[in-house]
Every structure is written in structure tokens, then in C-alpha cells.
Protein chains: 2
Amino acid sequence: MSTKTKILNAAEVLFADKGFNGTSLREITSQAEVNLAAVNYHFGSKKELIKAVMSRYMNELSPRLESALHAICVDEVQPTLNEVFSAFLEPLLHLNTFKDNGTSTFLQLLGRGFTDNQGFLRWFLTTQYPGVFTNFTQAVHKAYPELTSEEMFWRLHFTMGTIVFTMSSSDALIDIAQNDFDREVDIAGVIKQVIPYVAAGVAAPIIR
Amino acid sequence: MSTKTKILNAAEVLFADKGFNGTSLREITSQAEVNLAAVNYHFGSKKELIKAVMSRYMNELSPRLESALHAICVDEVQPTLNEVFSAFLEPLLHLNTFKDNGTSTFLQLLGRGFTDNQGFLRWFLTTQYPGVFTNFTQAVHKAYPELTSEEMFWRLHFTMGTIVFTMSSSDALIDIAQNDFDREVDIAGVIKQVIPYVAAGVAAPIIR
DNA sequence: CCCTAATTCAAACACGCGTTTAAAATAGCC
DNA sequence: GGCTATTTTAAACGCGTGTTTGAATTAGGG
């Protein structure tokens, strides 16, 4: 395995677990068993490494996600919000075949990206992968055309918050749930629980 | 104003804005116009300062919140979930009379507390203020008794995520919303938008 | 007023951080 | 095999961090 790949693999796990600011290059390089200077040699800086970690996942996810959402948009029948959010399921779970725990790791990274670093990753993602956002917005609009764009703006951010926050602490939550309720819980189970929740939230009656 | 209070006032604003890890004691003390060593003299350590900042808000909030939720629990009629979540409104907005921008600051701090520091603040809050959680859980159970405790566990964490994530980036979101939709938005408006969302999410039909 | 306790202050400490350097090792091509 | 370009390595750099120190200053009660 190349040094670059070893660094990316070690970095994504540590970033997901402890955040971008909370993870040092020394932790990453010693976990990856490469020299400290290798990060700056191969990636230029820590910030560029963060982008590279996210891009590796986004490049795998975004085509599948865009096409799933696009399919809903061009379909003749009106979709339900449950169907719109369920469109995320296959692309997200596909990350598990791409990497062990890929789905969980990616969602945790996404959560970190929105809270760490005063949100520079939010900018990076929205500018580098705008297709995901526009297709998603269109699909939601098709499912629930009465929502004004402002109401949709807030509800989509509420939804993002639900997903991203839950996933950034999903390991701890899954641990608690397994102890308290004495049964196996995995990331796919959590996603399946969250879909009806966010779908109902977005579908909530409008108060004007 | 006492040195302790000057430190607390400066710290809460910086913590809310840049996170606990992202704020240095030197920033805090220069903002508060006190000596650097004053933090360790008055609070012992940075970690204790963080706890003190959170406690000042929680001591103001938790009695009002507990009694509002308790009132719902002892009332004879079954509450709606909207009523349960609306019980948060008055106690939260009361923080605005307690301090300028108190509501917004507190909710941002809460958001930081769950994502920074591998969640030691989550432990601090749940152990120091358990009454809020138990009363809340009881009120939700009364409004929606069909939910099993496991389903409730997840939906309450989804709700927490919605609130906490939205509020921890509420300043940025409010800026975007004001530009895009050309109208004034404040924290109370966001809270009123989020209540029907989370109420509908928790009330979502159960998939078994 | 004076003495003691509480507080403030400037300075330094030890440490971890991201980054840079320049030499050593390795790889790949002619 | 020899030469060049790429990669790896150990060491150091400069900086910012939380914390500690001990002296200077300020309050406050007898």
C-alpha cells in the first residue's frame, strides 16, 4: 500500500473519532507507520489532507447519490418524502463495500466538517459538489411543493443537523443503546430509524 | 464587575463562537481585560472554566424547564408533542432577559458541548442535571405512549441533534437566510420553526 | 495604622503543534 | 551499472498552548 493511502486510511479514522482539530499529524503518521514529514510531502498541509480524506468519499458517493435523486426528479409520479430520503440509503450503504465501516466513518467526518474549523468544510463541499444539493432540493420540492424556499432552507438544515449530529456521536450512542436495550444495533439500523423521523419533520404542517 | 464575572462573560461568547478547543485562555483574558493567570487562580483550570460557563446557564434554565415539563406530566389531559416541545420556549427565551443574546449563546454552547472534547460535557450535563432529562422523557411518553423506550431513545437524540446542530451554526445560517430571503431572522424565529419539525419527527409513524 | 489574607501581575516553564530542512535511501530509466 | 528523480528519514524550527511561580499590589478587619 502506498504511503499516501496509508496516511488517508489512518487519518479518516482518527478524524472521524476525534475531529480535525483534535487529531495531530503525529497521531496520524504513527498510526499509519510512516514518517511525520510524509503528510506535508504528499499532501502539502494538514488542511489539504482533510480535503483529500473528504474527497475520496465524496467522489465515491456523489455520482450514485446524484443519479438516485435525479431519477426521482425525472420520474413522472410525485415521490413521497420517505422515498426522497430513502434515496440516500443505497449510496450511503455502498460506502461500506468501498471501505470497512465506510458509511459510519463518512457520516462522522461529515459531522465534524460542519462543526470543526468554523465550517470551512461546509464551503468546500457545497462548492465542490453542488450537484448533490441542487438535486436534493429539487427532489424535496417535487415531493412537497407547498414549501416555500425559505421553509425548505430551514427544514433541510434541520435535517442535515439530525443526520450529522447523530452520526458524529453514533459510536457512543450505539454503545448506550446496546447496553440499555440489550440488542445489536448497527449504522444501517440507525439510518433506517432516522429516515421516517426526518421525512416526518420535513413534511410537518406549515405554520404561517 | 468582578474578575470572575468578566472572565465568564468573555469566555461564553468566545466558546460559543469558536468552540472550547478553538478558544485559548489568552483570547479570553485579553477580551476580558484581566491577567492570563486569573483563569487558573479563580477557576483552577480551563476545563473547570468550561463547566462554570455551562453551569451559570444551566442553573438559570433547569428549574424553569423542569417545572414547565413537570406541569405537563401532572396535568390530567394528554399533551400533544407540540405542547411538550413548546414547553422549552419560555425557559429558553428567558435566558435573553438573563443575558444579551443569552438564548442563542447557550444553545451554541450546548452544541459545542456535544461535539468538542469527545463529549465530556454530555456526561457533565446528564449527571449534573438529570431532572431535565427524566422530566422530558416522561412528558414525551405521556404525549406518545406507543413509543418503546428504544424508539424514544433514538428520536430524542435525533431531536437533540437537530436543535444542537442548528444552533451551533445558527449565526451562519441566519446570515445566509437574511441574504437569500431578504428578511430579518432571529433566534426566536428559528426556534419557532424548529418546534413543528421536531414534533413531527418524534410523532412519525413507527415502522416495525 | 498595620498586619494579614486575597488578588493581580509579569515572566517563565514544559510541552505539543504544523511545518521545514537537508541528508540518506530508494526507484526507475538509459 | 550509473545517473537522475522520487521518496523517506531524523532533526530542528518557530510558535501557541495551559499551567505555575513568586513577587507586587490591593483589600479589609482588629
# chains A, B, ... in the order shown; residues from 1 in each chain; ligands from 1
>>> interface_residues(of="chain B", to="chain D", cutoff="8 Å", atoms="only C-alpha atoms (C1' of nucleotides)", output="list in words")
Ser24, Leu25, Asn40 and Lys46 of chain B
>>> write_last_selection(atoms="C-alpha atoms", output="compact mmCIF listing (two decimals), in the first residue's frame")
# COMPACT_ATOMS: atom_id res chain seq x y z
CA SER B 24 -7.39 29.94 24.07
CA LEU B 25 -7.14 31.32 27.57
CA ASN B 40 -6.27 29.37 36.83
CA LYS B 46 -9.65 25.62 31.59
>>> select_by_dssp(residues="range 14-185 of chain B", states="helix (DSSP H, G or I)", output="VMD selection string")
chain B and resid 14 to 18 25 to 32 38 to 43 46 to 74 81 to 86 89 to 98 102 to 115 117 to 128 130 to 143 149 to 168 170 to 181
>>> interface_residues(of="chain C", to="chain A", cutoff="9 Å", atoms="only C-alpha atoms (C1' of nucleotides)", output="ChimeraX atom specification")
/C:17-19
>>> atom_distance(atom1="CA of Thr159 in chain A", atom2="CA of Gly113 in chain B")
20.0 Å
>>> atom_distance(atom1="CA of Glu66 in chain A", atom2="CA of Gly131 in chain A")
6.6 Å
>>> closest_residue(among="B:Phe85, B:Phe165, B:Phe133, B:Phe20", to="chain A", atoms="only C-alpha atoms")
B:Phe165
>>> closest_atom_pairs(of="chain A", to="chain B", cutoff="9 Å", atoms="only C-alpha atoms", output="Markdown table")
| residue | atom | partner | partner_atom | distance |
| --- | --- | --- | --- | --- |
| A:Asp17 | CA | B:Gln118 | CA | 8.1 |
| A:Lys18 | CA | B:Gln118 | CA | 6.5 |
| A:Gly19 | CA | B:Asp116 | CA | 8.0 |
| A:Asn21 | CA | B:Asn21 | CA | 8.1 |
| A:Gly22 | CA | B:Asn117 | CA | 8.1 |
| A:Gly111 | CA | B:Thr115 | CA | 8.9 |
| A:Arg112 | CA | B:Thr115 | CA | 8.0 |
| A:Phe114 | CA | B:Ser169 | CA | 8.3 |
| A:Thr115 | CA | B:Thr115 | CA | 7.6 |
| A:Asp116 | CA | B:Gly19 | CA | 8.1 |
| A:Asn117 | CA | B:Lys18 | CA | 8.1 |
| A:Gln118 | CA | B:Lys18 | CA | 6.7 |
| A:Gly119 | CA | B:Ser169 | CA | 8.6 |
| A:Ser149 | CA | B:Phe181 | CA | 8.4 |
| A:Glu150 | CA | B:Phe181 | CA | 6.6 |
| A:Glu151 | CA | B:Gln193 | CA | 8.2 |
| A:Phe153 | CA | B:Ala177 | CA | 7.9 |
| A:Trp154 | CA | B:Gln193 | CA | 7.7 |
| A:Arg155 | CA | B:Tyr197 | CA | 7.3 |
| A:His157 | CA | B:Thr166 | CA | 7.0 |
| A:Phe158 | CA | B:Thr162 | CA | 5.3 |
| A:Thr159 | CA | B:Thr162 | CA | 6.9 |
| A:Met160 | CA | B:Thr162 | CA | 7.8 |
| A:Gly161 | CA | B:Thr162 | CA | 4.8 |
| A:Thr162 | CA | B:Thr162 | CA | 4.5 |
| A:Ile163 | CA | B:Phe158 | CA | 7.6 |
| A:Val164 | CA | B:Gly161 | CA | 7.7 |
| A:Phe165 | CA | B:Gly161 | CA | 4.9 |
| A:Thr166 | CA | B:Gly161 | CA | 6.0 |
| A:Ser168 | CA | B:Thr115 | CA | 7.7 |
| A:Ser169 | CA | B:Thr115 | CA | 7.7 |
| A:Leu173 | CA | B:His157 | CA | 8.5 |
| A:Ala177 | CA | B:Glu150 | CA | 7.4 |
| A:Asp180 | CA | B:Glu150 | CA | 8.3 |
| A:Phe181 | CA | B:Glu150 | CA | 6.6 |
| A:Val190 | CA | B:Trp154 | CA | 8.1 |
| A:Gln193 | CA | B:Trp154 | CA | 7.7 |
| A:Val194 | CA | B:Phe158 | CA | 7.4 |
| A:Pro196 | CA | B:Ala204 | CA | 6.2 |
| A:Tyr197 | CA | B:Gly201 | CA | 4.2 |
| A:Val198 | CA | B:Gly201 | CA | 5.9 |
| A:Ala199 | CA | B:Gly201 | CA | 7.4 |
| A:Ala200 | CA | B:Gly201 | CA | 5.0 |
| A:Gly201 | CA | B:Tyr197 | CA | 4.3 |
| A:Val202 | CA | B:Tyr197 | CA | 6.4 |
| A:Ala203 | CA | B:Ala200 | CA | 7.8 |
| A:Ala204 | CA | B:Ala200 | CA | 5.6 |
| A:Pro205 | CA | B:Pro196 | CA | 7.4 |
| A:Ile206 | CA | B:Pro196 | CA | 8.0 |
| A:Ile207 | CA | B:Pro196 | CA | 8.1 |
>>> atom_distance(atom1="CA of Gln128 in chain A", atom2="CA of Glu146 in chain A")
29.4 Å
>>> decode(residues="range 43-88 of chain A", atoms="N, CA and C atoms", output="mmCIF file, in the first residue's frame")
data_model
loop_
_atom_site.group_PDB
_atom_site.id
_atom_site.type_symbol
_atom_site.label_atom_id
_atom_site.label_comp_id
_atom_site.auth_asym_id
_atom_site.auth_seq_id
_atom_site.Cartn_x
_atom_site.Cartn_y
_atom_site.Cartn_z
ATOM 1 N N PHE A 43 0.809 15.725 0.695
ATOM 2 C CA PHE A 43 -0.446 16.487 0.642
ATOM 3 C C PHE A 43 -0.249 17.997 0.739
ATOM 4 N N GLY A 44 0.913 18.431 1.203
ATOM 5 C CA GLY A 44 1.178 19.859 1.258
ATOM 6 C C GLY A 44 0.922 20.474 2.620
ATOM 7 N N SER A 45 -0.211 20.118 3.210
ATOM 8 C CA SER A 45 -0.538 20.661 4.524
ATOM 9 C C SER A 45 -1.635 19.806 5.145
ATOM 10 N N LYS A 46 -1.914 20.070 6.397
ATOM 11 C CA LYS A 46 -2.962 19.324 7.090
ATOM 12 C C LYS A 46 -4.322 19.625 6.461
ATOM 13 N N LYS A 47 -4.536 20.884 6.118
ATOM 14 C CA LYS A 47 -5.816 21.271 5.524
ATOM 15 C C LYS A 47 -6.069 20.512 4.224
ATOM 16 N N GLU A 48 -5.021 20.385 3.407
ATOM 17 C CA GLU A 48 -5.174 19.654 2.147
ATOM 18 C C GLU A 48 -5.417 18.168 2.410
ATOM 19 N N LEU A 49 -4.820 17.653 3.465
ATOM 20 C CA LEU A 49 -5.087 16.253 3.826
ATOM 21 C C LEU A 49 -6.560 16.058 4.175
ATOM 22 N N ILE A 50 -7.102 16.995 4.935
ATOM 23 C CA ILE A 50 -8.521 16.915 5.285
ATOM 24 C C ILE A 50 -9.382 16.891 4.023
ATOM 25 N N LYS A 51 -9.073 17.797 3.102
ATOM 26 C CA LYS A 51 -9.833 17.815 1.847
ATOM 27 C C LYS A 51 -9.709 16.491 1.105
ATOM 28 N N ALA A 52 -8.490 15.933 1.098
ATOM 29 C CA ALA A 52 -8.271 14.674 0.377
ATOM 30 C C ALA A 52 -9.074 13.544 0.995
ATOM 31 N N VAL A 53 -9.127 13.514 2.328
ATOM 32 C CA VAL A 53 -9.913 12.482 3.008
ATOM 33 C C VAL A 53 -11.382 12.593 2.608
ATOM 34 N N MET A 54 -11.898 13.820 2.623
ATOM 35 C CA MET A 54 -13.308 14.004 2.275
ATOM 36 C C MET A 54 -13.565 13.712 0.800
ATOM 37 N N SER A 55 -12.643 14.131 -0.060
ATOM 38 C CA SER A 55 -12.848 13.933 -1.495
ATOM 39 C C SER A 55 -12.905 12.458 -1.856
ATOM 40 N N ARG A 56 -12.089 11.651 -1.187
ATOM 41 C CA ARG A 56 -12.095 10.231 -1.507
ATOM 42 C C ARG A 56 -13.486 9.642 -1.303
ATOM 43 N N TYR A 57 -14.157 10.077 -0.232
ATOM 44 C CA TYR A 57 -15.518 9.596 -0.007
ATOM 45 C C TYR A 57 -16.522 10.256 -0.945
ATOM 46 N N MET A 58 -16.402 11.570 -1.097
ATOM 47 C CA MET A 58 -17.385 12.276 -1.922
ATOM 48 C C MET A 58 -17.343 11.796 -3.364
ATOM 49 N N ASN A 59 -16.162 11.507 -3.874
ATOM 50 C CA ASN A 59 -16.070 11.047 -5.256
ATOM 51 C C ASN A 59 -16.730 9.677 -5.432
ATOM 52 N N GLU A 60 -16.737 8.901 -4.357
ATOM 53 C CA GLU A 60 -17.412 7.608 -4.416
ATOM 54 C C GLU A 60 -18.927 7.786 -4.261
ATOM 55 N N LEU A 61 -19.308 8.723 -3.396
ATOM 56 C CA LEU A 61 -20.719 8.867 -3.058
ATOM 57 C C LEU A 61 -21.510 9.694 -4.057
ATOM 58 N N SER A 62 -20.954 10.834 -4.456
ATOM 59 C CA SER A 62 -21.781 11.843 -5.117
ATOM 60 C C SER A 62 -22.378 11.383 -6.452
ATOM 61 N N PRO A 63 -21.679 10.616 -7.310
ATOM 62 C CA PRO A 63 -22.355 10.180 -8.541
ATOM 63 C C PRO A 63 -23.564 9.298 -8.266
ATOM 64 N N ARG A 64 -23.421 8.371 -7.340
ATOM 65 C CA ARG A 64 -24.544 7.485 -7.017
ATOM 66 C C ARG A 64 -25.711 8.268 -6.420
ATOM 67 N N LEU A 65 -25.368 9.193 -5.530
ATOM 68 C CA LEU A 65 -26.416 9.966 -4.874
ATOM 69 C C LEU A 65 -27.129 10.874 -5.869
ATOM 70 N N GLU A 66 -26.326 11.540 -6.700
ATOM 71 C CA GLU A 66 -26.930 12.433 -7.697
ATOM 72 C C GLU A 66 -27.861 11.675 -8.627
ATOM 73 N N SER A 67 -27.428 10.501 -9.063
ATOM 74 C CA SER A 67 -28.280 9.788 -10.026
ATOM 75 C C SER A 67 -29.535 9.258 -9.343
ATOM 76 N N ALA A 68 -29.424 8.844 -8.070
ATOM 77 C CA ALA A 68 -30.617 8.375 -7.366
ATOM 78 C C ALA A 68 -31.622 9.513 -7.201
ATOM 79 N N LEU A 69 -31.112 10.705 -6.840
ATOM 80 C CA LEU A 69 -32.013 11.838 -6.675
ATOM 81 C C LEU A 69 -32.549 12.315 -8.019
ATOM 82 N N HIS A 70 -31.677 12.254 -9.042
ATOM 83 C CA HIS A 70 -32.105 12.673 -10.371
ATOM 84 C C HIS A 70 -33.234 11.784 -10.874
ATOM 85 N N ALA A 71 -33.121 10.478 -10.589
ATOM 86 C CA ALA A 71 -34.168 9.547 -11.013
ATOM 87 C C ALA A 71 -35.515 9.946 -10.432
ATOM 88 N N ILE A 72 -35.515 10.366 -9.187
ATOM 89 C CA ILE A 72 -36.764 10.813 -8.568
ATOM 90 C C ILE A 72 -37.289 12.066 -9.266
ATOM 91 N N CYS A 73 -36.366 12.977 -9.614
ATOM 92 C CA CYS A 73 -36.788 14.240 -10.217
ATOM 93 C C CYS A 73 -37.428 14.042 -11.586
ATOM 94 N N VAL A 74 -36.868 13.126 -12.399
ATOM 95 C CA VAL A 74 -37.375 12.976 -13.763
ATOM 96 C C VAL A 74 -38.555 12.003 -13.836
ATOM 97 N N ASP A 75 -38.799 11.274 -12.750
ATOM 98 C CA ASP A 75 -39.913 10.336 -12.752
ATOM 99 C C ASP A 75 -41.237 11.109 -12.862
ATOM 100 N N GLU A 76 -42.223 10.427 -13.448
ATOM 101 C CA GLU A 76 -43.493 11.128 -13.664
ATOM 102 C C GLU A 76 -44.293 11.297 -12.384
ATOM 103 N N VAL A 77 -44.280 10.276 -11.544
ATOM 104 C CA VAL A 77 -45.127 10.340 -10.349
ATOM 105 C C VAL A 77 -44.481 11.174 -9.258
ATOM 106 N N GLN A 78 -45.348 11.740 -8.419
ATOM 107 C CA GLN A 78 -44.847 12.532 -7.306
ATOM 108 C C GLN A 78 -44.288 11.603 -6.224
ATOM 109 N N PRO A 79 -43.055 11.833 -5.773
ATOM 110 C CA PRO A 79 -42.487 10.956 -4.747
ATOM 111 C C PRO A 79 -42.982 11.363 -3.368
ATOM 112 N N THR A 80 -42.901 10.451 -2.410
ATOM 113 C CA THR A 80 -43.104 10.827 -1.013
ATOM 114 C C THR A 80 -41.754 11.270 -0.449
ATOM 115 N N LEU A 81 -41.820 11.997 0.671
ATOM 116 C CA LEU A 81 -40.557 12.401 1.302
ATOM 117 C C LEU A 81 -39.778 11.197 1.804
ATOM 118 N N ASN A 82 -40.497 10.182 2.237
ATOM 119 C CA ASN A 82 -39.814 8.945 2.619
ATOM 120 C C ASN A 82 -38.994 8.393 1.469
ATOM 121 N N GLU A 83 -39.558 8.450 0.273
ATOM 122 C CA GLU A 83 -38.809 7.944 -0.883
ATOM 123 C C GLU A 83 -37.596 8.816 -1.183
ATOM 124 N N VAL A 84 -37.774 10.128 -1.018
ATOM 125 C CA VAL A 84 -36.640 11.021 -1.269
ATOM 126 C C VAL A 84 -35.486 10.692 -0.328
ATOM 127 N N PHE A 85 -35.801 10.570 0.956
ATOM 128 C CA PHE A 85 -34.727 10.310 1.913
ATOM 129 C C PHE A 85 -34.199 8.888 1.781
ATOM 130 N N SER A 86 -35.059 7.981 1.355
ATOM 131 C CA SER A 86 -34.586 6.613 1.160
ATOM 132 C C SER A 86 -33.595 6.513 0.006
ATOM 133 N N ALA A 87 -33.625 7.521 -0.868
ATOM 134 C CA ALA A 87 -32.653 7.537 -1.966
ATOM 135 C C ALA A 87 -31.226 7.628 -1.450
ATOM 136 N N PHE A 88 -31.061 8.107 -0.230
ATOM 137 C CA PHE A 88 -29.719 8.198 0.344
ATOM 138 C C PHE A 88 -29.200 6.844 0.803
#
